[in-house]
>>> print(open('data22.pdb').read())   # PDB, C-alpha atoms
ATOM      1  CA  MET F   1      41.607  63.074  39.669
ATOM      2  CA  ARG F   2      37.900  62.493  39.027
ATOM      3  CA  ARG F   3      35.706  61.822  42.020
ATOM      4  CA  LEU F   4      32.084  60.806  42.391
ATOM      5  CA  LEU F   5      29.465  63.297  43.495
ATOM      6  CA  ILE F   6      29.857  63.954  47.195
ATOM      7  CA  ALA F   7      27.168  65.181  49.541
ATOM      8  CA  ALA F   8      27.540  68.758  50.731
ATOM      9  CA  SER F   9      28.808  68.951  54.278
ATOM     10  CA  SER F  10      27.037  70.729  57.086
ATOM     11  CA  ALA F  11      28.065  74.358  56.871
ATOM     12  CA  ALA F  12      29.046  76.519  59.783
ATOM     13  CA  ALA F  13      26.396  78.902  61.054
ATOM     14  CA  LEU F  14      26.386  82.205  59.182
ATOM     15  CA  LEU F  15      25.940  85.658  60.620
ATOM     16  CA  LEU F  16      22.588  86.512  59.102
ATOM     17  CA  THR F  17      19.650  85.432  61.276
ATOM     18  CA  VAL F  18      16.648  83.981  59.489
ATOM     19  CA  THR F  19      13.263  85.211  60.553
ATOM     20  CA  ALA F  20       9.921  85.273  58.755
ATOM     21  CA  CYS F  21       9.825  85.363  54.961
ATOM     22  CA  GLY F  22      10.116  88.911  53.673
ATOM     23  CA  SER F  23      12.336  90.059  56.554
ATOM     24  CA  GLU F  24      15.078  87.425  56.553
ATOM     25  CA  ASP F  25      16.798  88.775  53.457
ATOM     26  CA  SER F  26      19.453  91.455  53.525
ATOM     27  CA  SER F  27      18.066  92.588  50.192
ATOM     28  CA  SER F  28      15.410  91.560  47.736
ATOM     29  CA  SER F  29      14.698  92.110  44.078
ATOM     30  CA  ALA F  30      11.481  91.847  42.113
ATOM     31  CA  ALA F  31      10.903  92.351  38.398
ATOM     32  CA  ALA F  32       7.744  93.811  36.932
ATOM     33  CA  ALA F  33       4.700  91.554  36.810
ATOM     34  CA  PRO F  34       4.001  89.993  33.395
ATOM     35  CA  THR F  35       0.798  91.056  31.686
ATOM     36  CA  GLY F  36      -1.656  89.442  29.312
ATOM     37  CA  CYS F  37      -1.254  85.857  30.531
ATOM     38  CA  THR F  38      -2.505  83.512  33.226
ATOM     39  CA  PRO F  39      -0.113  82.210  35.909
ATOM     40  CA  LYS F  40       0.881  78.595  35.234
ATOM     41  CA  VAL F  41       1.240  77.730  38.921
ATOM     42  CA  ALA F  42      -1.830  77.895  41.146
ATOM     43  CA  LYS F  43      -2.103  80.148  44.181
ATOM     44  CA  SER F  44      -2.216  77.095  46.469
ATOM     45  CA  ASP F  45       1.238  76.001  45.283
ATOM     46  CA  LEU F  46       2.957  79.367  45.791
ATOM     47  CA  VAL F  47       4.069  81.397  48.786
ATOM     48  CA  LYS F  48       2.210  84.347  47.269
ATOM     49  CA  ALA F  49      -0.305  84.181  44.455
ATOM     50  CA  GLY F  50       1.116  85.377  41.142
ATOM     51  CA  THR F  51       4.685  85.556  42.497
ATOM     52  CA  LEU F  52       7.617  83.158  42.168
ATOM     53  CA  THR F  53       9.562  83.705  45.399
ATOM     54  CA  ILE F  54      13.175  82.711  44.808
ATOM     55  CA  SER F  55      15.985  82.327  47.340
ATOM     56  CA  THR F  56      19.626  82.884  46.489
ATOM     57  CA  ASN F  57      22.850  83.724  48.315
ATOM     58  CA  ALA F  58      24.129  86.835  46.575
ATOM     59  CA  THR F  59      27.816  86.275  47.273
ATOM     60  CA  LEU F  60      29.057  84.726  44.013
ATOM     61  CA  PRO F  61      29.734  87.210  41.222
ATOM     62  CA  PRO F  62      28.918  86.995  38.351
ATOM     63  CA  MET F  63      26.327  84.307  39.115
ATOM     64  CA  GLN F  64      24.411  86.083  41.886
ATOM     65  CA  TYR F  65      25.610  89.120  43.802
ATOM     66  CA  LEU F  66      24.679  92.608  45.019
ATOM     67  CA  ASP F  67      25.386  95.524  42.716
ATOM     68  CA  ALA F  68      26.265  99.049  43.832
ATOM     69  CA  SER F  69      22.600  99.792  44.571
ATOM     70  CA  ASN F  70      22.240  96.639  46.700
ATOM     71  CA  LYS F  71      20.138  94.950  44.026
ATOM     72  CA  ILE F  72      20.535  91.198  43.439
ATOM     73  CA  VAL F  73      21.887  90.637  39.931
ATOM     74  CA  GLY F  74      23.765  87.982  37.948
ATOM     75  CA  MET F  75      23.289  85.026  35.634
ATOM     76  CA  ARG F  76      20.996  83.073  37.930
ATOM     77  CA  VAL F  77      18.873  86.161  38.515
ATOM     78  CA  ASP F  78      18.533  86.582  34.746
ATOM     79  CA  LEU F  79      17.540  82.922  34.498
ATOM     80  CA  GLY F  80      15.020  83.160  37.341
ATOM     81  CA  ASN F  81      13.449  86.252  35.795
ATOM     82  CA  GLU F  82      13.089  84.512  32.422
ATOM     83  CA  ILE F  83      11.563  81.414  34.031
ATOM     84  CA  ALA F  84       9.040  83.530  35.935
ATOM     85  CA  LYS F  85       8.158  85.380  32.746
ATOM     86  CA  LEU F  86       7.315  82.103  30.992
ATOM     87  CA  LEU F  87       5.172  81.059  33.954
ATOM     88  CA  CYS F  88       3.409  84.445  33.972
ATOM     89  CA  LEU F  89       4.597  85.056  37.526
ATOM     90  CA  THR F  90       6.321  88.017  39.155
ATOM     91  CA  PRO F  91       9.839  86.972  40.244
ATOM     92  CA  LYS F  92      10.935  88.034  43.730
ATOM     93  CA  PHE F  93      14.470  87.219  44.849
ATOM     94  CA  VAL F  94      15.455  87.106  48.504
ATOM     95  CA  ASN F  95      19.076  87.012  49.676
ATOM     96  CA  ILE F  96      19.412  84.120  52.126
ATOM     97  CA  PRO F  97      22.427  82.336  53.666
ATOM     98  CA  PHE F  98      22.917  78.992  51.968
ATOM     99  CA  ASP F  99      22.302  76.931  55.104
ATOM    100  CA  ALA F 100      18.778  78.336  55.449
ATOM    101  CA  GLN F 101      17.664  77.692  51.893
ATOM    102  CA  ILE F 102      16.697  74.016  51.987
ATOM    103  CA  PRO F 103      14.825  74.288  55.321
ATOM    104  CA  GLY F 104      13.126  77.405  53.952
ATOM    105  CA  VAL F 105      11.848  75.798  50.767
ATOM    106  CA  GLN F 106      10.745  72.730  52.743
ATOM    107  CA  SER F 107       8.711  74.890  55.119
ATOM    108  CA  GLY F 108       7.188  77.027  52.366
ATOM    109  CA  ARG F 109       9.098  80.279  52.915
ATOM    110  CA  TRP F 110      10.049  80.453  49.242
ATOM    111  CA  ASP F 111       9.086  78.558  46.107
ATOM    112  CA  MET F 112      12.455  77.945  44.454
ATOM    113  CA  ILE F 113      16.148  77.830  45.339
ATOM    114  CA  ASP F 114      18.260  79.434  42.610
ATOM    115  CA  THR F 115      21.719  79.690  44.111
ATOM    116  CA  GLY F 116      24.071  77.337  42.291
ATOM    117  CA  MET F 117      23.261  74.380  44.536
ATOM    118  CA  PHE F 118      25.113  71.210  43.580
ATOM    119  CA  TYR F 119      22.951  68.202  42.838
ATOM    120  CA  THR F 120      23.476  65.203  45.107
ATOM    121  CA  PRO F 121      21.291  62.090  45.483
ATOM    122  CA  GLU F 122      21.052  62.882  49.188
ATOM    123  CA  ARG F 123      19.577  66.330  48.492
ATOM    124  CA  ALA F 124      17.207  64.825  45.935
ATOM    125  CA  GLU F 125      15.697  62.743  48.733
ATOM    126  CA  THR F 126      14.780  65.852  50.745
ATOM    127  CA  ILE F 127      13.652  68.365  48.087
ATOM    128  CA  LYS F 128      12.752  68.347  44.396
ATOM    129  CA  LEU F 129      15.792  69.058  42.224
ATOM    130  CA  VAL F 130      15.965  70.042  38.538
ATOM    131  CA  PRO F 131      19.585  69.941  37.212
ATOM    132  CA  TYR F 132      20.388  72.565  34.567
ATOM    133  CA  GLU F 133      24.103  73.472  34.497
ATOM    134  CA  ILE F 134      27.529  71.921  35.136
ATOM    135  CA  GLN F 135      30.290  73.447  37.215
ATOM    136  CA  GLY F 136      33.660  72.210  38.405
ATOM    137  CA  VAL F 137      35.742  73.503  41.290
ATOM    138  CA  SER F 138      38.641  75.795  40.411
ATOM    139  CA  VAL F 139      41.381  77.419  42.465
ATOM    140  CA  SER F 140      42.302  81.093  42.248
ATOM    141  CA  VAL F 141      45.792  82.201  43.228
ATOM    142  CA  ALA F 142      47.595  85.530  43.365
ATOM    143  CA  LYS F 143      48.626  87.001  40.021
ATOM    144  CA  GLY F 144      51.861  85.398  38.830
ATOM    145  CA  ASN F 145      51.067  82.158  40.678
ATOM    146  CA  PRO F 146      53.945  82.530  43.193
ATOM    147  CA  LYS F 147      53.518  78.998  44.561
ATOM    148  CA  LYS F 148      53.501  77.494  41.033
ATOM    149  CA  ILE F 149      50.227  75.642  41.577
ATOM    150  CA  THR F 150      49.223  73.956  38.319
ATOM    151  CA  SER F 151      47.557  70.702  39.399
ATOM    152  CA  GLU F 152      45.576  69.143  42.209
ATOM    153  CA  ASP F 153      48.763  67.529  43.541
ATOM    154  CA  ASP F 154      50.304  70.997  43.850
ATOM    155  CA  LEU F 155      47.643  71.863  46.445
ATOM    156  CA  SER F 156      49.406  69.496  48.832
ATOM    157  CA  GLY F 157      50.568  71.410  51.912
ATOM    158  CA  LYS F 158      48.870  74.648  50.835
ATOM    159  CA  THR F 159      46.277  76.702  52.706
ATOM    160  CA  ILE F 160      43.164  77.099  50.567
ATOM    161  CA  ALA F 161      40.088  79.215  51.362
ATOM    162  CA  VAL F 162      36.468  78.282  50.685
ATOM    163  CA  GLU F 163      33.157  79.976  51.300
ATOM    164  CA  ALA F 164      31.272  78.492  54.288
ATOM    165  CA  PRO F 165      31.641  74.696  53.892
ATOM    166  CA  GLY F 166      29.848  73.264  50.889
ATOM    167  CA  TYR F 167      30.782  71.430  47.708
ATOM    168  CA  GLU F 168      34.189  73.087  47.444
ATOM    169  CA  PHE F 169      34.989  72.131  51.033
ATOM    170  CA  ASP F 170      33.906  68.557  50.333
ATOM    171  CA  THR F 171      35.950  68.428  47.131
ATOM    172  CA  LEU F 172      39.117  69.477  48.980
ATOM    173  CA  THR F 173      38.317  67.086  51.842
ATOM    174  CA  ALA F 174      38.041  64.210  49.351
ATOM    175  CA  LEU F 175      41.313  65.316  47.739
ATOM    176  CA  ASN F 176      42.952  65.322  51.188
ATOM    177  CA  LYS F 177      42.102  61.640  51.571
ATOM    178  CA  GLU F 178      43.866  60.908  48.282
ATOM    179  CA  LEU F 179      46.877  62.999  49.261
ATOM    180  CA  LYS F 180      47.115  61.254  52.610
ATOM    181  CA  ALA F 181      46.894  57.820  50.957
ATOM    182  CA  ALA F 182      49.740  58.862  48.646
ATOM    183  CA  GLY F 183      51.854  59.957  51.624
ATOM    184  CA  LYS F 184      51.618  63.641  50.748
ATOM    185  CA  SER F 185      50.866  66.630  52.947
ATOM    186  CA  GLN F 186      47.203  67.538  53.151
ATOM    187  CA  ILE F 187      45.534  70.836  52.319
ATOM    188  CA  THR F 188      44.689  73.217  55.146
ATOM    189  CA  ILE F 189      41.120  74.315  54.395
ATOM    190  CA  ARG F 190      39.977  77.669  55.789
ATOM    191  CA  SER F 191      36.293  78.605  55.675
ATOM    192  CA  PHE F 192      35.011  82.166  55.250
ATOM    193  CA  THR F 193      31.517  83.611  55.463
ATOM    194  CA  THR F 194      31.524  84.870  51.867
ATOM    195  CA  THR F 195      33.566  84.443  48.723
ATOM    196  CA  ALA F 196      34.586  88.106  48.954
ATOM    197  CA  ASP F 197      36.067  87.412  52.393
ATOM    198  CA  ALA F 198      37.991  84.450  50.965
ATOM    199  CA  TYR F 199      39.455  86.589  48.187
ATOM    200  CA  GLN F 200      40.349  89.324  50.663
ATOM    201  CA  ALA F 201      42.326  86.727  52.627
ATOM    202  CA  LEU F 202      44.076  85.675  49.408
ATOM    203  CA  SER F 203      44.899  89.294  48.594
ATOM    204  CA  ALA F 204      46.318  89.739  52.105
ATOM    205  CA  GLY F 205      48.489  86.628  51.809
ATOM    206  CA  GLN F 206      46.621  84.789  54.552
ATOM    207  CA  VAL F 207      45.843  81.853  52.221
ATOM    208  CA  GLU F 208      47.477  80.574  49.067
ATOM    209  CA  GLY F 209      44.346  80.008  47.028
ATOM    210  CA  VAL F 210      40.546  80.196  46.899
ATOM    211  CA  ALA F 211      38.500  77.187  45.791
ATOM    212  CA  ILE F 212      35.182  78.088  44.176
ATOM    213  CA  VAL F 213      33.254  77.208  41.003
ATOM    214  CA  GLU F 214      34.896  77.960  37.674
ATOM    215  CA  SER F 215      32.609  80.820  36.651
ATOM    216  CA  VAL F 216      33.565  82.719  39.815
ATOM    217  CA  THR F 217      37.336  82.220  39.484
ATOM    218  CA  SER F 218      37.056  83.445  35.882
ATOM    219  CA  TYR F 219      35.235  86.550  37.108
ATOM    220  CA  TYR F 220      37.856  87.328  39.753
ATOM    221  CA  GLN F 221      40.655  86.794  37.229
ATOM    222  CA  LYS F 222      39.402  89.925  35.451
ATOM    223  CA  ASP F 223      40.268  91.876  38.603
ATOM    224  CA  GLY F 224      43.939  91.709  37.617
ATOM    225  CA  ARG F 225      45.148  90.573  41.043
ATOM    226  CA  PHE F 226      44.231  86.898  40.673
ATOM    227  CA  GLU F 227      44.459  84.067  38.185
ATOM    228  CA  THR F 228      42.998  80.594  37.877
ATOM    229  CA  ALA F 229      45.642  77.963  38.630
ATOM    230  CA  VAL F 230      43.596  74.748  38.657
ATOM    231  CA  ALA F 231      40.239  74.180  36.953
ATOM    232  CA  GLY F 232      37.693  71.437  36.405
ATOM    233  CA  MET F 233      37.961  69.582  39.718
ATOM    234  CA  ASN F 234      35.081  67.260  40.555
ATOM    235  CA  PRO F 235      32.591  68.602  37.953
ATOM    236  CA  ALA F 236      28.955  68.048  38.830
ATOM    237  CA  PRO F 237      25.458  69.244  37.908
ATOM    238  CA  LEU F 238      23.863  72.168  39.695
ATOM    239  CA  ALA F 239      20.142  72.252  40.289
ATOM    240  CA  LEU F 240      17.178  74.435  41.104
ATOM    241  CA  GLY F 241      15.411  73.271  44.273
ATOM    242  CA  PHE F 242      11.736  73.096  45.255
ATOM    243  CA  GLY F 243       9.537  72.030  48.128
ATOM    244  CA  LYS F 244       6.454  71.267  46.020
ATOM    245  CA  ASP F 245       5.859  69.205  42.899
ATOM    246  CA  LYS F 246       3.831  71.701  40.833
ATOM    247  CA  PRO F 247       6.354  74.583  40.865
ATOM    248  CA  ALA F 248       9.179  72.112  40.147
ATOM    249  CA  GLU F 249       7.351  70.615  37.169
ATOM    250  CA  ALA F 250       6.358  74.030  35.819
ATOM    251  CA  VAL F 251       9.923  75.328  36.066
ATOM    252  CA  ALA F 252      11.296  72.189  34.396
ATOM    253  CA  GLU F 253       8.900  72.796  31.510
ATOM    254  CA  ALA F 254      10.048  76.419  31.311
ATOM    255  CA  LEU F 255      13.700  75.325  31.265
ATOM    256  CA  ASN F 256      12.973  73.002  28.356
ATOM    257  CA  THR F 257      11.381  75.905  26.485
ATOM    258  CA  LEU F 258      14.470  78.036  27.193
ATOM    259  CA  ARG F 259      16.704  75.237  25.944
ATOM    260  CA  ASP F 260      14.633  74.805  22.784
ATOM    261  CA  ASN F 261      14.486  78.513  21.937
ATOM    262  CA  GLY F 262      18.238  78.984  22.457
ATOM    263  CA  TYR F 263      18.028  81.236  25.532
ATOM    264  CA  LEU F 264      19.938  78.847  27.815
ATOM    265  CA  ALA F 265      22.769  78.389  25.323
ATOM    266  CA  LYS F 266      23.097  82.152  24.846
ATOM    267  CA  LEU F 267      22.987  82.872  28.595
ATOM    268  CA  PHE F 268      25.511  80.170  29.464
ATOM    269  CA  LYS F 269      27.873  81.294  26.712
ATOM    270  CA  GLU F 270      27.762  84.847  28.041
ATOM    271  CA  TYR F 271      28.791  83.679  31.509
ATOM    272  CA  GLY F 272      31.119  80.828  30.534
ATOM    273  CA  VAL F 273      28.887  78.112  31.984
ATOM    274  CA  THR F 274      28.512  74.537  30.708
ATOM    275  CA  SER F 275      24.983  73.308  30.031
ATOM    276  CA  TYR F 276      23.665  70.146  31.627
ATOM    277  CA  THR F 277      22.761  67.944  28.660
ATOM    278  CA  GLY F 278      20.589  65.463  30.527
ATOM    279  CA  ASP F 279      16.823  65.705  30.848
ATOM    280  CA  LEU F 280      15.611  68.955  32.370
ATOM    281  CA  LYS F 281      13.201  67.415  34.839
ATOM    282  CA  VAL F 282      12.744  66.601  38.505
ATOM    283  CA  THR F 283      15.536  64.099  39.084
ATOM    284  CA  THR F 284      16.476  61.564  41.750
ATOM    285  CA  GLY F 285      19.373  59.164  42.204
ATOM    286  CA  ALA F 286      22.925  59.396  40.917
ATOM    287  CA  ILE F 287      23.523  61.380  37.731
ATOM    288  CA  SER F 288      26.655  62.188  35.781
ATOM    289  CA  ALA F 289      28.291  65.509  34.974
ATOM    290  CA  LYS F 290      27.112  65.731  31.374
TER     291      LYS F 290
END
>>> encode(input="data22.pdb", output="structure tokens")
Amino acid sequence: MRRLLIAASSAAALLLTVTACGSEDSSSSAAAAPTGCTPKVAKSDLVKAGTLTISTNATLPPMQYLDASNKIVGMRVDLGNEIAKLLCLTPKFVNIPFDAQIPGVQSGRWDMIDTGMFYTPERAETIKLVPYEIQGVSVSVAKGNPKKITSEDDLSGKTIAVEAPGYEFDTLTALNKELKAAGKSQITIRSFTTTADAYQALSAGQVEGVAIVESVTSYYQKDGRFETAVAGMNPAPLALGFGKDKPAEAVAEALNTLRDNGYLAKLFKEYGVTSYTGDLKVTTGAISAK
């Protein structure tokens, strides 16, 4: 079943309270400042002169997560660091609940959202979005696939976990409408604060699957306790988000450089991610998963 892009639903409130920038994150990460070049984004367009302040929710290994030393790492961190390097800016990542990220970039708390945010036309009306990768929703199940889930139809009547409601929640909600129209039992969708919590529930037998983007289900499959049962549901572009035009345009230019020099292709291959093949630019309106 292939569905159109659907707007992300309003997520339930998370446990982490957002305060002023610099203290709202449970952890932060900053790379060394580049030398020998002039920043390509002016002080007036940044939260802090010479620094690209980047929000992420570090709950999705291997894309963005906390390592053993509580440092934010992952593919999107690597990408953000490389972008900042091209812009001659010091990258600083802050770990922020997803619900706070769009209001934060709108109010100038950070310069860029780099968290695997799905592109929707509705979001593009509120912030500047630059699509750069494609992800579909997949479903992890316990090793051996005891419920024999091999298709979207097989999710009928099952209890499936998602991280706090977002694109995965909306994808399953849209699928429920199709199941209901076909006279089939709907999916029971259970929301958890983090992906790790969702997988813990799967391990404990409290749910029969976890719906999350493909790169994450592939990562958890390496654990040995889980396997990917369904992949490629509702594929859509993901985007970097901005509150101001100048940082968005500068980052889009940097992404084009990284595409041209082969960095994006190499990075995405390493993490099993599909490149967005459309124009790497500030985008509005409906776009396809290409």
>>> closest_residue(input="data22.pdb", among="F:Ala201, F:Tyr132, F:Ser138, F:Ser185", to="Lys158 of chain F", atoms="all atoms listed in the file")
F:Ser185
>>> resolve_selection(input="data22.pdb", expression="the PyMOL selection byres ((chain F and resi 72-79) around 8)", output="PyMOL selection string")
chain F and resi 27-29+58+61-67+70-71+80-83+93+95+114-116+267+271
>>> resolve_selection(input="data22.pdb", expression="the PyMOL selection byres ((chain F and resi 105-107) around 12)", output="VMD selection string")
chain F and resid 20 to 21 45 to 47 53 to 56 96 98 to 104 108 to 114 123 125 to 129 240 to 245 247 to 248
>>> atom_distance(input="data22.pdb", atom1="atom CA of Glu122 of chain F", atom2="atom CA of Asp279 of chain F")
19.0 Å
>>> atom_distance(input="data22.pdb", atom1="atom CA of Glu178 of chain F", atom2="atom CA of Tyr220 of chain F")
28.4 Å
>>> residues_around(input="data22.pdb", residues="segment 228-232 of chain F", least_positions_apart="5", cutoff="9 Å", atoms="all atoms listed in the file", output="list in words")
Gln135, Gly136, Val137, Ser138, Val139, Ser140, Val141, Ala142, Lys143, Asn145, Lys148, Ile149, Thr150, Ser151, Glu152, Gly209, Val213, Glu214, Thr217, Ser218, Tyr220 and Gln221 of chain F
>>> write_last_selection(input="data22.pdb", atoms="C-alpha atoms", output="PDB file, in the frame of the given file")
ATOM      1  CA  GLN F 135      30.290  73.447  37.215  1.00  0.00           C
ATOM      2  CA  GLY F 136      33.660  72.210  38.405  1.00  0.00           C
ATOM      3  CA  VAL F 137      35.742  73.503  41.290  1.00  0.00           C
ATOM      4  CA  SER F 138      38.641  75.795  40.411  1.00  0.00           C
ATOM      5  CA  VAL F 139      41.381  77.419  42.465  1.00  0.00           C
ATOM      6  CA  SER F 140      42.302  81.093  42.248  1.00  0.00           C
ATOM      7  CA  VAL F 141      45.792  82.201  43.228  1.00  0.00           C
ATOM      8  CA  ALA F 142      47.595  85.530  43.365  1.00  0.00           C
ATOM      9  CA  LYS F 143      48.626  87.001  40.021  1.00  0.00           C
ATOM     10  CA  ASN F 145      51.067  82.158  40.678  1.00  0.00           C
ATOM     11  CA  LYS F 148      53.501  77.494  41.033  1.00  0.00           C
ATOM     12  CA  ILE F 149      50.227  75.642  41.577  1.00  0.00           C
ATOM     13  CA  THR F 150      49.223  73.956  38.319  1.00  0.00           C
ATOM     14  CA  SER F 151      47.557  70.702  39.399  1.00  0.00           C
ATOM     15  CA  GLU F 152      45.576  69.143  42.209  1.00  0.00           C
ATOM     16  CA  GLY F 209      44.346  80.008  47.028  1.00  0.00           C
ATOM     17  CA  VAL F 213      33.254  77.208  41.003  1.00  0.00           C
ATOM     18  CA  GLU F 214      34.896  77.960  37.674  1.00  0.00           C
ATOM     19  CA  THR F 217      37.336  82.220  39.484  1.00  0.00           C
ATOM     20  CA  SER F 218      37.056  83.445  35.882  1.00  0.00           C
ATOM     21  CA  TYR F 220      37.856  87.328  39.753  1.00  0.00           C
ATOM     22  CA  GLN F 221      40.655  86.794  37.229  1.00  0.00           C
TER      23      GLN F 221
END
>>> residues_near_point(input="data22.pdb", point="(5.0, 85.2, 29.3)", cutoff="12 Å", atoms="all atoms listed in the file", output="number ranges by chain")
F: 32-40, 81-90, 254, 257
>>> residues_near_point(input="data22.pdb", point="(30.9, 77.4, 52.3)", cutoff="9 Å", atoms="only C-alpha atoms", output="list in words")
Ser9, Ala11, Ala12, Phe98, Val162, Glu163, Ala164, Pro165, Gly166, Tyr167, Glu168, Phe169, Ser191, Phe192, Thr193, Thr194 and Thr195 of chain F
>>> atom_distance(input="data22.pdb", atom1="atom CA of Ala49 of chain F", atom2="atom CA of Glu253 of chain F")
19.5 Å
>>> closest_residue(input="data22.pdb", among="F:Thr173, F:Thr159, F:Ser275, F:Gln206", to="Leu258 of chain F", atoms="all atoms listed in the file")
F:Ser275
>>> closest_residue(input="data22.pdb", among="F:Arg190, F:Leu202, F:Lys180, F:Ser215", to="Thr274 of chain F", atoms="all atoms listed in the file")
F:Ser215
>>> build_atoms(input="data22.pdb", residues="segment 280-287 of chain F", atoms="all heavy atoms", output="short mmCIF file (atom, residue, chain, number, x, y, z; two decimals), in the coordinates of the input")
data_model
loop_
_atom_site.label_atom_id
_atom_site.label_comp_id
_atom_site.auth_asym_id
_atom_site.auth_seq_id
_atom_site.Cartn_x
_atom_site.Cartn_y
_atom_site.Cartn_z
N LEU F 280 15.95 67.86 31.46
CA LEU F 280 15.61 68.96 32.37
C LEU F 280 14.29 68.60 33.04
O LEU F 280 13.21 68.95 32.56
CB LEU F 280 15.51 70.28 31.60
CG LEU F 280 16.80 70.72 30.90
CD1 LEU F 280 16.58 72.01 30.11
CD2 LEU F 280 17.93 70.91 31.90
N LYS F 281 14.39 67.91 34.14
CA LYS F 281 13.20 67.42 34.84
C LYS F 281 13.55 67.17 36.30
O LYS F 281 14.73 67.18 36.68
CB LYS F 281 12.71 66.11 34.21
CG LYS F 281 13.70 64.96 34.35
CD LYS F 281 13.16 63.67 33.74
CE LYS F 281 14.12 62.51 33.97
NZ LYS F 281 13.59 61.24 33.41
N VAL F 282 12.52 66.98 37.11
CA VAL F 282 12.74 66.60 38.51
C VAL F 282 13.47 65.26 38.51
O VAL F 282 13.02 64.28 37.90
CB VAL F 282 11.43 66.52 39.29
CG1 VAL F 282 11.70 66.07 40.72
CG2 VAL F 282 10.71 67.86 39.27
N THR F 283 14.62 65.24 39.18
CA THR F 283 15.54 64.10 39.08
C THR F 283 15.87 63.54 40.45
O THR F 283 16.00 64.28 41.42
CB THR F 283 16.83 64.55 38.37
OG1 THR F 283 16.48 65.11 37.09
CG2 THR F 283 17.79 63.39 38.17
N THR F 284 16.03 62.23 40.52
CA THR F 284 16.48 61.56 41.75
C THR F 284 17.58 60.58 41.40
O THR F 284 17.77 60.22 40.25
CB THR F 284 15.32 60.81 42.43
OG1 THR F 284 14.80 59.83 41.50
CG2 THR F 284 14.20 61.75 42.85
N GLY F 285 18.32 60.16 42.42
CA GLY F 285 19.37 59.16 42.20
C GLY F 285 20.64 59.79 41.65
O GLY F 285 20.75 61.00 41.44
N ALA F 286 21.63 58.94 41.40
CA ALA F 286 22.92 59.40 40.92
C ALA F 286 22.84 59.81 39.46
O ALA F 286 22.18 59.15 38.64
CB ALA F 286 23.97 58.28 41.07
N ILE F 287 23.45 60.93 39.12
CA ILE F 287 23.52 61.38 37.73
C ILE F 287 24.96 61.79 37.43
O ILE F 287 25.74 62.08 38.34
CB ILE F 287 22.56 62.56 37.45
CG1 ILE F 287 22.83 63.73 38.38
CG2 ILE F 287 21.11 62.09 37.59
CD1 ILE F 287 21.97 64.95 38.09
#
